[in-house]
Structures are given as structure tokens and as C-alpha cells.
Amino acid sequence: MEEIIKILTGIRPEFDFYQESNFIENGVLDSFDMVVLVSTLEERYGIKICGTDIIPENFSDTDSIRRLVERYGGNV
Amino acid sequence: MKNSVLEYLEETVRRFGDKPAIVDGARRLTFGQLRQFGRQLALKLAKDHASFRRPVAVLLPKSVDSIIAFAGILYSGNFYVPLDEKLPEQRLGKILANLKPAAIVTSPEYTGLLASLGVEASKCVLAGTQYEELSGEEEHFLDQIIGQVIDVDPVYVIYTSGSTGTPKGVVVAHRGVVDYIDWAIGCFGIDEQTVIGSQSPFFFDNSTLDIYLCFGAGATLVIIPKMLFSFPAKLMTYVNDMGINFVFWVPSVLINVANAQILDEIMPSRLAKILFAGEVMPNKQLNYWRKKMPTALFANLYGPTEITVDCTYYIVEREFSDQDSLPIGFPCRNTDILVLTAENKQAGLLEVGELCVRGSSLALGYWDDPEKTAAAFVQNPLHDHYPDKIYRTGDLVYINERNEIIFVGRKDSQIKHMGYRIELGEIETVVAGLPVIESACVTYNKAREEIVLLYKASQPTEIGDIRKALLPLLPKYMLPTTAHQLEEMPLNANGKIDRVALFHRYGQ
């Protein structure tokens with residue numbers, strides 16, 4: 001979990017990802033950030049996230065991102 | 001020939017007054033309403049601000065209100081300046097200091113910010129306000145104002161990155177837009193059946209095509225919610241749901257869809273015309289699109305803001321391998337392209353030179369900046385018989401055996417990142433101004449699409465700290481993606497930062 005927060009903080013250092021929720025609705029992550037986030041997660045955890053899984057529900061908070069990575073066998 | 005872009009709207013209102021012009025979420029506006037609301041705003045601007053041929057800024061999120069503001073400002077005989085509402089305060093301040101707008105069309109959420117930048121409250125005009133119906137006399141008053149606008153008057157000013165840290169305002173004339181739109185309507189067969197899926201922010205000049213194809217051909221403009229560009233599957237579903245059949249997008253959006261292989265799952269069945277510009281479109285991802293949508297038209301457009309959006313185009317027909325570079329093609333109608341060598345001679349076949357543009361499309365210059373204007377808009381060096389202006393793009397190209405223009409790169413350190421035009425020098429200037437930074441060099445890694453910062457600092461400093469410090473100073477798309485703190489900056493023989501060495505190490 002720490003690792004995911006570290007990745008997110010690297011992308012948007014101005015937010016405290018321990019506090020933030022609803023990343024998409026609240027505009028924490030925009031389309032630039034999403035591209036960087038997906039490729040960073042793929043690199044870091046050695047996974048390939050399917051395009052149909054790139055939906056708001058899977059990126060709305062740190063928990064949903066963790067579940068997504070784990071579903072692909074990433075060790076969070 | 002039309003002498004104002006408003007003639008497009010006037011004619012379309014006569015033909016399709018009740019047809020939807022703009023769709024923005026739940027809001028729909030017909031062409032008749034667009035004209036009506038625009039003219040109401042125009043009357044307010046003309047009466048309260050008594051300005052003519054002056055810049056009026058628009059500080060609003062992308063919405064139907066922005067389009068009403070553009071139309072209203074033009075109906076008042078002035079020209080509009082779309083500003084990014086997410087700009088950091090300092091940069092917005094620089095632009096306003098350069099522009100000195102006669103008024104600013106905005107919404108209540110920005111009036112505090114504008115006040116802190118020294119804009120008088122009397123200059124702010126609130127969008128979305130229901131103004132009074134115009135009397136016959138007032139209609140006549142507006143018609144008289146508009147009648148004085150001619151095609152060499154400005155239609156808009158768009159600010160773009162400047163290498164010394166101050167953005168430049170490109171002043172585009174009505175005739176540039178008319179020249180461009182008349183060509184585009186014919187070339188791409190645009191009519192009232194066209195449904196445009198608008199991606200480009202209005203402060204980015206690609207939106208000129210979306211807006212004026214709508215005004216000029218009676219096409220419907222659908223403002224796609226920004227959030228959808230983060231999620232390619234949702235985006236394609238939305239394109240289907242709205243019946244969008246024409247898009248003019250930056251390649252990064254098309255690349256995202258291709259990389260996620262979304263067309264395997266969701267086919268945007270009505271999408272028939274796919275245009276792109278703003279940065280290089282790789283054939284690898286384009287081939288994915290072409291394979292999935294063999295009957296769609298794909299066109300690569302090219303041009304800087306200074307020549308009114310685009311000056312060359314390439315309709316993709318023949319096969320390309322994934323590694324080929326896609327041509328930027330041929331000059332648009334009524335445009336002359338010169339490829340000039342370092343000696344200002346016309347380049348031969350396959351010889352690399354700078355792409356220069358002649359035509360009615362040329363911008364009038366940079367707002368309040370005669371020096372930069374004189375440096376970029378120059379006499380055609382091929383003759384001296386009469387004044388014949390060309391715009392020097394700074395882009396290096398060559399012409400191949402098929403007579404197609406091929407883009408090679410830049411003469412300077414300007415880059416295209418996610419479709420945004422950025423001067424690396426501007427980022428460097430701002431980074432170097434941070435207290436802990438001793439020296440900085442910014443390069444671009446094209447393959448990874450990353451802005452890379454190399455820096456020497458007085459104490460250990462992380463990328464997160466730097467990005468945080470840069471947030472109030474630069475737009476988000478200009479922030480370095482990655483950064484490397486170096487013990488010492490490599491220097492070349494002249495004692496300057498060795499950019500070539502840094503580029504070879506970090507830029508590729």
C-alpha cells in the first residue's frame with residue numbers, strides 16, 4: 001500500500017494520498033496522470049492492465065487501485 | 001469572400017436556426033439561441049465597455065458559455081482571448097499584464113482570483129447571465145458595429161509558450177480562419193449531418209476547426225467531458241452514444257485508445273472521419289486504428305498557431321509499416337510552403353530545411369511584441385521585389401520522392417508533449433529560479449513521452465519537491481515527468497551546459 005501511495009505522490013505531490021478519496025470525481029487524477037499511473041503500475045508490478053479495466057471504478061482510491069493490481073497478480 | 005467569421009454563423013442561423021449547435025452535458029443550444037445569447041452579451045460589452053477592436057479575455061471552464069462568449073465578443077466588434085482557467089496565478093498574471101484586455105468574460109468562481117491579480121471588478125462580465133432581449137434599435141446598433149469589421153481585423157489571440165519564460169499572444173485575423181474553414185469544409189465534406197466530438201481545449205487552437213465547422217456548416221459540436229479522456233473505453237462508448245461521426249483530436253488520445261486495444265471491445269461505429277494534429281502520430285498506433293476501421297478517413301494535419309491552425313494535411317491512404325514516419329503531406333488550399341536551407345535557398349528533394357509558410361493564413365503577429373513578430377514573420381528571402389511575408393516555423397522537414405512533406409524535428413528546443421507546444425527553455429528558466437536549484441537543463445525523452453529535468457541543487461531535492469514548487473508557476477502539462485539530481489552538470493568546451501551529452505544520456 002505504501003508503494004502505491006508513493007507512486008501516486010510522485011505523480012501528484014501536492015495531494016496527501018492518505019487523505020484523498022474519489023480521485024477521479026474530485027479531479028485528483030487527470031488524463032495525463034492516468035497514463036503515467038497505469039504505465040508506472042505496469043512497470044513496478046510487472047503486469048499488463050487490460051484496456052477495459054481502465055475505468056473510474058478501478059482508480060477511485062488507493063484501495064481500488066490495490067485490488068486492481070492484486071487481481072493481475074501484482075504483489076502489493 | 002467572407003469578411004468575418006460571423007457571416008458563417010449568420011448564414012447557418014438562417015438555414016438551420018432550430019438545429020442543435022452545441023451539446024454540453026445536459027445543456028443544448030440551437031444556432032438561433034447561440035446567436036440570440038451572443039448578441040445580448042455583445043450589447044452589454046459594446047455599451048458598458050464601449051470598446052471596439054480590443055481584446056476581451058474569456059476565463060471559463062470549457063462549456064457552452066465559452067462559445068456564447070466567443071460569439072458575443074465578436075458581435076461586439078472585439079476579438080476574444082481564450083484563457084486556461086487552470087493556469088497558475090503567476091502565468092495568468094503575466095498574460096493579463098501583456099494583453100490588458102478591455103473586459104473579461106468569466107464566472108463568479110474566478111472573480112476573486114482576477115481581483116488578486118489587479119483586475120478591476122468593473123471589467124468582469126459574468127457569463128451565463130440572462131441579459132435583456134434586444135430592441136429593434138439595439139439590433140441595428142450591433143449590425144452597424146459588426147459592419148465595420150474587416151477580414152484583416154483580429155478574431156482571436158491565443159497564448160503559447162515562449163522560450164524566455166513569458167507566453168506570446170498570437171493574433172489571428174478573420175481572414176485566416178475563413179481561409180482555413182472554407183478549405184476544411186470542402187476537403188472533409190462537412191455538413192449539417194456532421195456531429196463533432198470536441199476534445200481540444202478552447203485555449204488551444206485546434207478547437208478553431210471544431211468551432212467554425214460548427215458555425216460554417218451547421219454541424220453539431222458535442223463537448224466531450226474531459227474526464228472521459230482518462231478512460232478510453234468510456235470515451236468510445238460516449239462517442240457511440242452521442243452519434244459522433246467526426247473528431248479532430250491530439251494523437252495522444254488516439255494512442256491511448258490503441259494501446260489499450262479498446263477497439264477490440266467497443267467499435268465507434270458511426271465515427272467516419274478521424275483527423276489529428278498537434279504532435280507526431282506514430283504509425284504503430286495508427287495502423288491499429290486503420291485495421292479496425294478500414295472505411296474511416298484518417299488525416300494528419302500540421303501547423304503552428306501562427307498560420308491559423310494548419311497549413312499542410314495528409315489523407316492517409318497508402319500502407320505504412322509501424323516504423324515509417326507519417327507524412328505531414330501537402331499544403332492546404334491557398335497556402336504556399338517553402339522549405340528553406342540555412343543559406344535561405346529553396347531545399348532540393350530530400351534535403352532538410354526549415355518549413356516556412358506564405359498565405360492569407362498568416363497571423364498578424366504577436367500581441368504587443370514587435371521584436372518577436374519581426375523575428376518570426378519576415379520578408380520572403382527568395383526575392384525583394386515587393387513585401388511578401390513568410391512565417392518561419394522553426395520546424396525542420398524535407399520533401400520526399402512522392403512530393404510529400406516529412407517532419408524531421410525542431411531547429412530549437414521546442415517540443416510537443418501530449419499535444420501541447422512547450423519551449424523547454426521556459427521550463428528551464430522557471431526551474432532555475434527555484435531557491436535550491438543551482439543549475440538546470442530540461443530535455444525531452446520522445447520514446448517515453450517524458451519531460452526530463454537534470455539539475456544541480458544546494459541540498460538533496462526530490463522530484464516531488466520540485467514539482468510542488470513549480471505548481472504555482474507553470475501549467476501542469478509543463479511540469480517535469482522525471483528528474484535526476486546531478487553532482488555536477490557536464491559542461492562543453494565553451495563552458496556551457498553540455499546539452500548534447502545530457503540528451504544522449506537521458507533524452508533517448
# chains A, B, ... in the order shown; residues from 1 in each chain; ligands from 1
$ residues_around --residues "segment 47-63 of chain A" --least-positions-apart "6" --cutoff "10 Å" --atoms "only C-alpha atoms" --output "ChimeraX atom specification"
/A:1-2,4-5,8,17-26,28-29,34-35,37-39,41,69-74 /B:227-228,230-234,256-266
$ write_last_selection --atoms "C-alpha atoms" --output "compact mmCIF listing (two decimals), in the first residue's frame"
# COMPACT_ATOMS: atom_id res chain seq x y z
CA MET A 1 0.00 0.00 0.00
CA GLU A 2 2.87 2.34 0.89
CA ILE A 4 1.04 2.72 -4.31
CA ILE A 5 0.85 5.89 -2.25
CA LEU A 8 0.66 8.46 -6.58
CA PHE A 17 -2.98 10.38 -0.71
CA TYR A 18 -3.59 9.14 2.84
CA GLN A 19 -6.47 11.64 2.98
CA GLU A 20 -7.76 11.92 -0.58
CA SER A 21 -10.67 9.88 -1.94
CA ASN A 22 -12.72 9.83 -5.14
CA PHE A 23 -9.60 10.57 -7.19
CA ILE A 24 -11.50 10.85 -10.46
CA GLU A 25 -14.58 12.76 -9.36
CA ASN A 26 -12.52 15.19 -7.32
CA VAL A 28 -7.09 14.49 -8.31
CA LEU A 29 -6.01 12.44 -11.35
CA MET A 34 -3.80 8.23 -15.63
CA VAL A 35 -1.40 7.40 -18.47
CA LEU A 37 -0.06 5.90 -13.36
CA VAL A 38 -1.05 2.89 -15.50
CA SER A 39 2.42 2.59 -17.04
CA LEU A 41 1.94 0.34 -12.06
CA VAL A 69 -3.09 -4.64 -9.11
CA GLU A 70 -3.69 -7.74 -6.95
CA ARG A 71 -6.24 -9.07 -9.42
CA TYR A 72 -3.45 -9.07 -12.01
CA GLY A 73 -1.18 -10.94 -9.62
CA GLY A 74 0.83 -7.91 -8.54
CA MET B 227 -12.73 13.10 -17.58
CA LEU B 228 -13.54 10.63 -20.38
CA SER B 230 -8.65 9.28 -18.93
CA PHE B 231 -10.72 6.20 -19.74
CA PRO B 232 -10.57 5.08 -23.38
CA ALA B 233 -13.39 2.51 -23.07
CA LYS B 234 -15.75 5.13 -21.61
CA ASN B 256 -4.25 5.74 -25.60
CA VAL B 257 -7.19 4.04 -27.28
CA ALA B 258 -4.83 1.96 -29.44
CA ASN B 259 -2.51 0.98 -26.57
CA ALA B 260 -5.49 -0.18 -24.51
CA GLN B 261 -6.78 -2.03 -27.61
CA ILE B 262 -10.25 -0.71 -26.89
CA LEU B 263 -11.48 -1.08 -30.47
CA ASP B 264 -11.35 -4.86 -29.94
CA GLU B 265 -14.17 -4.39 -27.44
CA ILE B 266 -16.04 -1.25 -28.46
$ select_by_dssp --residues "segment 21-268 of chain B" --states "alpha helix (DSSP H)" --output "JSON, numbers by chain"
{"B": [31, 32, 33, 34, 35, 36, 37, 38, 39, 40, 41, 42, 43, 44, 45, 46, 47, 48, 64, 65, 66, 67, 68, 69, 70, 71, 72, 73, 74, 75, 89, 90, 91, 92, 93, 94, 95, 96, 97, 98, 99, 108, 109, 110, 111, 112, 113, 114, 115, 116, 136, 137, 138, 139, 140, 141, 142, 143, 144, 145, 146, 174, 175, 176, 177, 178, 179, 180, 181, 182, 183, 184, 185, 186, 187, 188, 207, 208, 209, 210, 211, 212, 213, 214, 215, 216, 217, 232, 233, 234, 235, 236, 237, 238, 239, 240, 241, 251, 252, 253, 254, 255, 256, 257, 258, 259]}
$ residues_around --residues "Ala121 of chain B" --least-positions-apart "3" --cutoff "12 Å" --atoms "only C-alpha atoms" --output "list of chain:residue names"
B:Ala103, B:Ile104, B:Val105, B:Thr106, B:Ser107, B:Pro108, B:Tyr110, B:Thr111, B:Gly112, B:Leu113, B:Leu114, B:Ala115, B:Ser116, B:Leu117, B:Gly118, B:Cys124, B:Val125, B:Leu126
$ residues_around --residues "segment 163-172 of chain B" --least-positions-apart "2" --cutoff "8 Å" --atoms "only C-alpha atoms" --output "VMD selection string"
chain B and resid 91 94 to 95 99 154 to 161 174 176 to 177 305 to 308 362 to 367 423 to 427 429 to 430
$ write_last_selection --atoms "C-alpha atoms" --output "short mmCIF file (atom, residue, chain, number, x, y, z; two decimals), in the first residue's frame"
data_model
loop_
_atom_site.label_atom_id
_atom_site.label_comp_id
_atom_site.auth_asym_id
_atom_site.auth_seq_id
_atom_site.Cartn_x
_atom_site.Cartn_y
_atom_site.Cartn_z
CA ARG B 91 1.33 32.88 -15.51
CA LYS B 94 1.85 37.67 -16.97
CA ILE B 95 -0.67 37.15 -19.76
CA LEU B 99 -2.84 41.71 -23.00
CA PRO B 154 -8.20 40.08 -35.28
CA VAL B 155 -10.64 37.28 -34.49
CA TYR B 156 -8.76 35.79 -31.53
CA VAL B 157 -5.47 35.84 -29.65
CA ILE B 158 -4.08 32.53 -28.40
CA TYR B 159 -1.19 32.45 -25.96
CA THR B 160 1.59 29.94 -26.49
CA SER B 161 4.80 29.03 -24.66
CA HIS B 174 -10.73 36.73 -39.54
CA GLY B 176 -7.03 33.34 -41.61
CA VAL B 177 -9.96 31.45 -40.11
CA THR B 305 -0.84 28.65 -34.24
CA GLU B 306 0.88 31.44 -36.20
CA ILE B 307 -0.55 30.29 -39.55
CA THR B 308 -4.13 29.68 -38.29
CA LEU B 362 -0.52 34.12 -41.54
CA ALA B 363 -1.22 35.59 -38.12
CA LEU B 364 -0.95 39.36 -37.77
CA GLY B 365 1.91 38.90 -35.28
CA TYR B 366 2.48 38.60 -31.53
CA TRP B 367 0.41 40.88 -29.32
CA GLU B 423 9.54 25.67 -25.04
CA LEU B 424 11.96 23.66 -22.89
CA GLY B 425 13.74 26.96 -22.24
CA GLU B 426 10.64 28.28 -20.49
CA ILE B 427 10.66 25.34 -18.05
CA THR B 429 14.04 29.47 -16.74
CA VAL B 430 11.39 28.77 -14.12
#
$ residues_around --residues "Ile146 of chain B" --least-positions-apart "3" --cutoff "8 Å" --atoms "only C-alpha atoms" --output "ChimeraX atom specification"
/B:74-77,142-143,149
$ closest_residue --among "A:Glu43, A:Glu3, A:Asp33, A:Asp16" --to "chain B" --atoms "only C-alpha atoms"
A:Asp33
$ residues_around --residues "Thr194 of chain B" --least-positions-apart "6" --cutoff "7 Å" --atoms "only C-alpha atoms" --output "list in words"
Ala219, Thr220, Asn245 and Phe246 of chain B
$ write_last_selection --atoms "C-alpha atoms" --output "PDB file, in the first residue's frame"
ATOM      1  CA  ALA B 219     -22.557  20.791 -37.781  1.00  0.00           C
ATOM      2  CA  THR B 220     -23.333  19.962 -34.148  1.00  0.00           C
ATOM      3  CA  ASN B 245     -19.034  10.951 -36.617  1.00  0.00           C
ATOM      4  CA  PHE B 246     -16.123  13.418 -36.833  1.00  0.00           C
TER       5      PHE B 246
END
$ residues_around --residues "Ala26 of chain B" --least-positions-apart "5" --cutoff "12 Å" --atoms "only C-alpha atoms" --output "list of chain:residue names"
B:Ser63, B:Val64, B:Val222, B:Ile223, B:Ile224, B:Pro225, B:Met242
$ atom_distance --atom1 "atom CA of Gln379 of chain B" --atom2 "atom CA of Phe407 of chain B"
23.4 Å
$ select_by_dssp --residues "segment 256-486 of chain B" --states "strand (DSSP E)" --output "number ranges by chain"
B: 273-276, 297-302, 312-315, 330-331, 335-340, 353-359, 365-366, 377-379, 389-399, 405-410, 414-417, 420-423, 437-445, 450-457, 482-485
$ write_last_selection --atoms "C-alpha atoms" --output "PDB file, in the first residue's frame"
ATOM      1  CA  LYS B 273     -13.650  10.948 -40.122  1.00  0.00           C
ATOM      2  CA  ILE B 274     -10.698  10.948 -37.772  1.00  0.00           C
ATOM      3  CA  LEU B 275      -8.358  13.925 -38.002  1.00  0.00           C
ATOM      4  CA  PHE B 276      -5.388  14.577 -35.772  1.00  0.00           C
ATOM      5  CA  LEU B 297     -10.971   8.610 -43.245  1.00  0.00           C
ATOM      6  CA  PHE B 298      -7.751   9.366 -41.373  1.00  0.00           C
ATOM      7  CA  ALA B 299      -5.996  12.682 -41.880  1.00  0.00           C
ATOM      8  CA  ASN B 300      -2.805  14.052 -40.382  1.00  0.00           C
ATOM      9  CA  LEU B 301      -2.874  17.853 -40.106  1.00  0.00           C
ATOM     10  CA  TYR B 302       0.074  20.057 -39.314  1.00  0.00           C
ATOM     11  CA  THR B 312      -0.465  21.081 -44.525  1.00  0.00           C
ATOM     12  CA  TYR B 313      -2.559  17.922 -44.454  1.00  0.00           C
ATOM     13  CA  TYR B 314      -2.202  14.306 -45.376  1.00  0.00           C
ATOM     14  CA  ILE B 315      -5.112  11.979 -46.030  1.00  0.00           C
ATOM     15  CA  PHE B 330       0.726  18.756 -48.856  1.00  0.00           C
ATOM     16  CA  PRO B 331      -0.099  22.452 -48.495  1.00  0.00           C
ATOM     17  CA  THR B 335      -1.142  28.126 -48.829  1.00  0.00           C
ATOM     18  CA  ASP B 336       2.407  28.112 -50.118  1.00  0.00           C
ATOM     19  CA  ILE B 337       5.048  26.099 -48.282  1.00  0.00           C
ATOM     20  CA  LEU B 338       8.732  26.936 -48.704  1.00  0.00           C
ATOM     21  CA  VAL B 339      11.462  24.641 -47.427  1.00  0.00           C
ATOM     22  CA  LEU B 340      14.487  26.857 -46.839  1.00  0.00           C
ATOM     23  CA  GLY B 353      15.277  22.702 -44.404  1.00  0.00           C
ATOM     24  CA  GLU B 354      13.008  24.928 -42.339  1.00  0.00           C
ATOM     25  CA  LEU B 355       9.323  24.875 -43.190  1.00  0.00           C
ATOM     26  CA  CYS B 356       8.106  28.407 -43.960  1.00  0.00           C
ATOM     27  CA  VAL B 357       4.574  29.461 -44.813  1.00  0.00           C
ATOM     28  CA  ARG B 358       3.081  32.103 -47.116  1.00  0.00           C
ATOM     29  CA  GLY B 359      -0.596  32.952 -47.405  1.00  0.00           C
ATOM     30  CA  GLY B 365       1.909  38.902 -35.279  1.00  0.00           C
ATOM     31  CA  TYR B 366       2.478  38.596 -31.534  1.00  0.00           C
ATOM     32  CA  PHE B 377       7.306  36.989 -39.715  1.00  0.00           C
ATOM     33  CA  VAL B 378       9.900  38.013 -42.275  1.00  0.00           C
ATOM     34  CA  GLN B 379      10.302  39.013 -45.907  1.00  0.00           C
ATOM     35  CA  LYS B 389       5.757  37.943 -45.714  1.00  0.00           C
ATOM     36  CA  ILE B 390       6.519  34.392 -44.665  1.00  0.00           C
ATOM     37  CA  TYR B 391       6.294  32.775 -41.252  1.00  0.00           C
ATOM     38  CA  ARG B 392       9.337  30.770 -40.165  1.00  0.00           C
ATOM     39  CA  THR B 393       8.020  27.802 -38.172  1.00  0.00           C
ATOM     40  CA  GLY B 394      11.346  26.537 -36.788  1.00  0.00           C
ATOM     41  CA  ASP B 395      10.261  23.036 -37.867  1.00  0.00           C
ATOM     42  CA  LEU B 396      12.699  21.009 -39.957  1.00  0.00           C
ATOM     43  CA  VAL B 397      11.252  18.999 -42.836  1.00  0.00           C
ATOM     44  CA  TYR B 398      12.137  17.548 -46.218  1.00  0.00           C
ATOM     45  CA  ILE B 399      10.185  16.706 -49.355  1.00  0.00           C
ATOM     46  CA  ILE B 405       6.460  16.844 -46.761  1.00  0.00           C
ATOM     47  CA  ILE B 406       8.066  14.818 -43.965  1.00  0.00           C
ATOM     48  CA  PHE B 407       8.560  16.293 -40.497  1.00  0.00           C
ATOM     49  CA  VAL B 408      12.044  15.757 -39.049  1.00  0.00           C
ATOM     50  CA  GLY B 409      12.251  17.796 -35.838  1.00  0.00           C
ATOM     51  CA  ARG B 410      12.848  21.250 -34.418  1.00  0.00           C
ATOM     52  CA  GLN B 414      10.512  23.477 -28.645  1.00  0.00           C
ATOM     53  CA  ILE B 415       8.676  20.207 -28.048  1.00  0.00           C
ATOM     54  CA  LYS B 416       5.177  18.785 -28.338  1.00  0.00           C
ATOM     55  CA  HIS B 417       4.093  16.982 -25.180  1.00  0.00           C
ATOM     56  CA  TYR B 420       0.910  20.952 -26.002  1.00  0.00           C
ATOM     57  CA  ARG B 421       3.549  23.158 -27.535  1.00  0.00           C
ATOM     58  CA  ILE B 422       6.252  23.791 -24.978  1.00  0.00           C
ATOM     59  CA  GLU B 423       9.542  25.669 -25.038  1.00  0.00           C
ATOM     60  CA  ILE B 437      18.429  24.939  -7.736  1.00  0.00           C
ATOM     61  CA  GLU B 438      21.941  25.878  -8.810  1.00  0.00           C
ATOM     62  CA  SER B 439      21.621  24.950 -12.457  1.00  0.00           C
ATOM     63  CA  ALA B 440      19.089  23.114 -14.590  1.00  0.00           C
ATOM     64  CA  CYS B 441      18.690  21.604 -18.030  1.00  0.00           C
ATOM     65  CA  VAL B 442      15.468  20.209 -19.430  1.00  0.00           C
ATOM     66  CA  THR B 443      15.344  17.636 -22.207  1.00  0.00           C
ATOM     67  CA  TYR B 444      12.613  15.521 -23.730  1.00  0.00           C
ATOM     68  CA  ASN B 445      12.501  11.753 -23.973  1.00  0.00           C
ATOM     69  CA  GLU B 450       8.648  12.390 -20.609  1.00  0.00           C
ATOM     70  CA  ILE B 451       9.942  15.848 -19.803  1.00  0.00           C
ATOM     71  CA  VAL B 452      13.270  15.105 -18.130  1.00  0.00           C
ATOM     72  CA  LEU B 453      14.887  17.567 -15.731  1.00  0.00           C
ATOM     73  CA  LEU B 454      18.586  17.395 -14.899  1.00  0.00           C
ATOM     74  CA  TYR B 455      19.630  19.650 -12.071  1.00  0.00           C
ATOM     75  CA  LYS B 456      22.233  20.549  -9.540  1.00  0.00           C
ATOM     76  CA  ALA B 457      20.902  21.638  -6.171  1.00  0.00           C
ATOM     77  CA  THR B 482      11.177  12.686 -14.207  1.00  0.00           C
ATOM     78  CA  ALA B 483      14.217  14.374 -12.689  1.00  0.00           C
ATOM     79  CA  HIS B 484      17.804  13.457 -11.934  1.00  0.00           C
ATOM     80  CA  GLN B 485      19.876  15.328  -9.401  1.00  0.00           C
TER      81      GLN B 485
END
$ atom_distance --atom1 "atom CA of Lys2 of chain B" --atom2 "atom CA of Ile181 of chain B"
11.0 Å
$ closest_residue --among "A:Val76, A:Gly46, A:Glu14, A:Lys6" --to "chain B" --atoms "only C-alpha atoms"
A:Glu14
$ atom_distance --atom1 "atom CA of Arg333 of chain B" --atom2 "atom CA of Asp191 of chain B"
19.0 Å
